[in-house]
Structure formats: C-alpha cells, structure tokens
Number of protein chains: 2
Amino acid sequence: MATQISLDDTFAALADPTRRAILARLLDGEASVAELAQPFALTVRAISKHVGVLEQAGLVTRSRSAQKHLSRIELKPLRDIDRWLDGYRKLWEGRFDRMEDLLRRDADKPE
Amino acid sequence: MATQISLDDTFAALADPTRRAILARLLDGEASVAELAQPFALTVRAISKHVGVLEQAGLVTRSRSAQKHLSRIELKPLRDIDRWLDGYRKLWEGRFDRMEDLLRRDADKPE
DNA sequence: TAGTTCTGGAACTAGTTGGTTCTATAAAGC
DNA sequence: GCTTTATAGAACCAACTAGTTCCAGAACTA
C-alpha cells in the first residue's frame, strides 16, 4: 500500500506558491527538475527540494528516464482535500440565512 | 475591504491538525478560547495562538462579549481553496483514460 | 474594593523550513 | 576514457513555528 499521506503534509506542501506553481505546470505534462526550475529565480537544487516535498506529500511521483527524473502530478491528495472540504461546503452552498442559522445554532442554546 | 488573504496563509493554517479540529468545532457554533481548548492536552495560551493563526488566515473572526472573545468560522478562504481545486478537479472527474491523455499530452510531443 | 476569570503580550526554547553552496554519482555524448 | 548533463546528499544559515511560562489588563462577582 502506498504509505498513507496525511492532510497535514498535503496542506503544508500546498502552502508554498512555488510548489503550487510547479503543480500547475505539471498539468501540462511530465517534466524534469531542470524544466520545472526554468521559470523561477531559484537554484535547480531549491526546485529539486520543492519537488521532494511534493513527492513526500504524495502530490508527485517520479520515474527516471535516463538521467532525467520525470515528475508527474498525483491527484489523490487533492481529492482528499476536496473530501475534507465537503464538511464545510454545505455551509456556503445553502441559502445564506440557513448558513447563519447553522452557525448560530448553539449560541442560543440554554446550555 | 477585508485585507486580502493569500492561499499561502490559508493552506498553512490548515496544515495543523489542532487548527482543523478547532475549525470543525466551530461548525457547532461560536466558542470562547477556553471552550475551544477544552478537548486538547495543550495550554489555553497555545490554543489562543492557534486561533490567532486562523484569524490571520481569515478562517475565523472574533467578537468580544464581556471577557469572552467568541470565535466564529469564516468560509471565504475555504471557498477560495475550493475554487483553486477547480483547476485540478476536472482531472479526476473525467474518465480516467482522458485524464491519462491530458497528463501525457506533452510527453510525446516532438518538441 | 478585592478576588476571580478570560485572554493576549513578552520572552524563551527546540525543531522545522526554504534557501544557499559545494560535492558526489550516474548516465549520455564524443 | 573523458567530459558534460541532471540530479541528490551534506552542511550550513536565517527565519519561522509551536509550544512553554510568567505577567498584565479588562471585565465580571461578591
């Protein structure tokens, strides 16, 4: 089984704009570290570390083709976040006053 | 205007299980710091700091009623994450082989 | 007024993060 | 075989984080 990824790691990995940009780039297809580094004013090593963080968080897998290690986006952790959001989504999808009701539900309870 | 919140801050705030638990608790209604601290083996001060982080990230607003400062969940940053996910959601909602096509689209380009 | 309750500020600590540089290794190209 | 290219390991640094303890202030309670 693919070692369980925590929401902690996923959220932490996504909390960096460089890493989110790398993920977005990977929507266009697999890429090597050098290719991923190209748009940034950072060393290739720094980008390599960012990819490592994404890999740790399960958001990226790598396959080496010759010297190039191709990175590829993995969707499962994103789906996990999506499912986590489900618990809150109903609050903004309902009518606004119903949302207010939910939020205040306990506040008026006699305890 | 309510000072613009960055995805960086939102993701970072959500990368901590204590803070996610606090948010979940706030689904049941507003609560004071002391109330929020009750389920945790942490000092009230530590929880107060966590609430501060959530507040910084726009996930919580506070209103003081007497000494009690009531925290309330705010949904906008969560909706922002939901919208950010939109860019990826189509990949796991489509048929799997179409997703594969998208991912490999560039890999086979003659360049 | 005095005491209690609720919270935030300040100062500190240990551990983590995001970046650097320099070095090593593995595969391709000549 | 030597050189180049692509990447990761190691060591380092400055900044930030999550926690603590101690103290101060604001507002209820008696």
# chains A, B, ... in the order shown; residues from 1 in each chain; ligands from 1
>>> interface_residues(of="chain C", to="chain B", cutoff="10 Å", atoms="only C-alpha atoms (C1' of nucleotides)", output="list of chain:residue names")
C:DT5, C:DC6, C:DT7, C:DG8
>>> interface_residues(of="chain B", to="chain A", cutoff="9 Å", atoms="only C-alpha atoms", output="number ranges by chain")
B: 7-17, 24, 26-31, 72-73, 75-76, 78-79, 81-82, 85, 87-89, 91-92, 102-107
>>> closest_atom_pairs(of="chain D", to="chain A", cutoff="9 Å", atoms="only C-alpha atoms (C1' of nucleotides)", output="Markdown table")
| residue | atom | partner | partner_atom | distance |
| --- | --- | --- | --- | --- |
| D:DT5 | C1' | A:Gln67 | CA | 8.0 |
| D:DA6 | C1' | A:Gln67 | CA | 5.5 |
| D:DT7 | C1' | A:Gln67 | CA | 7.4 |
| D:DA8 | C1' | A:Ser48 | CA | 8.4 |
>>> select_by_dssp(residues="chain A", states="strand (DSSP E)", output="PyMOL selection string")
chain A and resi 60-65+68-73
>>> write_last_selection(atoms="N, CA, C and O atoms", output="PDB file, in the first residue's frame")
ATOM      1  N   VAL A  60       3.187  14.183  -6.121  1.00  0.00           N
ATOM      2  CA  VAL A  60       4.015  13.961  -7.302  1.00  0.00           C
ATOM      3  C   VAL A  60       4.668  12.586  -7.178  1.00  0.00           C
ATOM      4  O   VAL A  60       5.034  12.168  -6.089  1.00  0.00           O
ATOM      5  N   THR A  61       4.772  11.892  -8.298  1.00  0.00           N
ATOM      6  CA  THR A  61       5.593  10.676  -8.343  1.00  0.00           C
ATOM      7  C   THR A  61       6.659  10.889  -9.407  1.00  0.00           C
ATOM      8  O   THR A  61       6.483  11.690 -10.317  1.00  0.00           O
ATOM      9  N   ARG A  62       7.751  10.144  -9.257  1.00  0.00           N
ATOM     10  CA  ARG A  62       8.828  10.328 -10.222  1.00  0.00           C
ATOM     11  C   ARG A  62       9.237   9.007 -10.852  1.00  0.00           C
ATOM     12  O   ARG A  62       9.233   7.961 -10.203  1.00  0.00           O
ATOM     13  N   SER A  63       9.603   9.087 -12.116  1.00  0.00           N
ATOM     14  CA  SER A  63      10.120   7.934 -12.836  1.00  0.00           C
ATOM     15  C   SER A  63      11.359   8.393 -13.565  1.00  0.00           C
ATOM     16  O   SER A  63      11.334   9.401 -14.266  1.00  0.00           O
ATOM     17  N   ARG A  64      12.467   7.699 -13.366  1.00  0.00           N
ATOM     18  CA  ARG A  64      13.666   8.170 -14.050  1.00  0.00           C
ATOM     19  C   ARG A  64      13.757   7.575 -15.444  1.00  0.00           C
ATOM     20  O   ARG A  64      13.666   6.366 -15.658  1.00  0.00           O
ATOM     21  N   SER A  65      13.881   8.461 -16.418  1.00  0.00           N
ATOM     22  CA  SER A  65      14.112   8.071 -17.799  1.00  0.00           C
ATOM     23  C   SER A  65      15.490   8.634 -18.124  1.00  0.00           C
ATOM     24  O   SER A  65      15.649   9.829 -18.284  1.00  0.00           O
ATOM     25  N   LYS A  68      17.252  12.087 -16.618  1.00  0.00           N
ATOM     26  CA  LYS A  68      16.093  12.897 -16.280  1.00  0.00           C
ATOM     27  C   LYS A  68      15.130  12.122 -15.386  1.00  0.00           C
ATOM     28  O   LYS A  68      14.738  11.010 -15.728  1.00  0.00           O
ATOM     29  N   HIS A  69      14.771  12.715 -14.289  1.00  0.00           N
ATOM     30  CA  HIS A  69      13.762  12.119 -13.425  1.00  0.00           C
ATOM     31  C   HIS A  69      12.475  12.863 -13.705  1.00  0.00           C
ATOM     32  O   HIS A  69      12.339  14.022 -13.321  1.00  0.00           O
ATOM     33  N   LEU A  70      11.536  12.225 -14.353  1.00  0.00           N
ATOM     34  CA  LEU A  70      10.305  12.907 -14.732  1.00  0.00           C
ATOM     35  C   LEU A  70       9.311  12.932 -13.588  1.00  0.00           C
ATOM     36  O   LEU A  70       8.996  11.899 -12.995  1.00  0.00           O
ATOM     37  N   SER A  71       8.818  14.102 -13.288  1.00  0.00           N
ATOM     38  CA  SER A  71       7.812  14.274 -12.251  1.00  0.00           C
ATOM     39  C   SER A  71       6.431  14.262 -12.875  1.00  0.00           C
ATOM     40  O   SER A  71       6.221  14.791 -13.959  1.00  0.00           O
ATOM     41  N   ARG A  72       5.508  13.703 -12.123  1.00  0.00           N
ATOM     42  CA  ARG A  72       4.147  13.602 -12.617  1.00  0.00           C
ATOM     43  C   ARG A  72       3.179  13.900 -11.480  1.00  0.00           C
ATOM     44  O   ARG A  72       3.376  13.455 -10.355  1.00  0.00           O
ATOM     45  N   ILE A  73       2.144  14.641 -11.767  1.00  0.00           N
ATOM     46  CA  ILE A  73       1.181  15.007 -10.725  1.00  0.00           C
ATOM     47  C   ILE A  73       0.353  13.796 -10.311  1.00  0.00           C
ATOM     48  O   ILE A  73       0.028  12.936 -11.128  1.00  0.00           O
TER      49      ILE A  73
END
>>> residues_around(residues="DT20 of chain C", least_positions_apart="6", cutoff="9 Å", atoms="only C-alpha atoms (C1' of nucleotides)", output="ChimeraX atom specification")
/A:43,46 /D:12-13
>>> residues_around(residues="DT13 of chain C", least_positions_apart="3", cutoff="12 Å", atoms="only C-alpha atoms (C1' of nucleotides)", output="list of chain:residue names")
D:DT17, D:DA18, D:DG19, D:DT20, D:DT21
>>> atom_distance(atom1="atom CA of Ala37 of chain B", atom2="atom CA of Leu59 of chain B")
17.3 Å
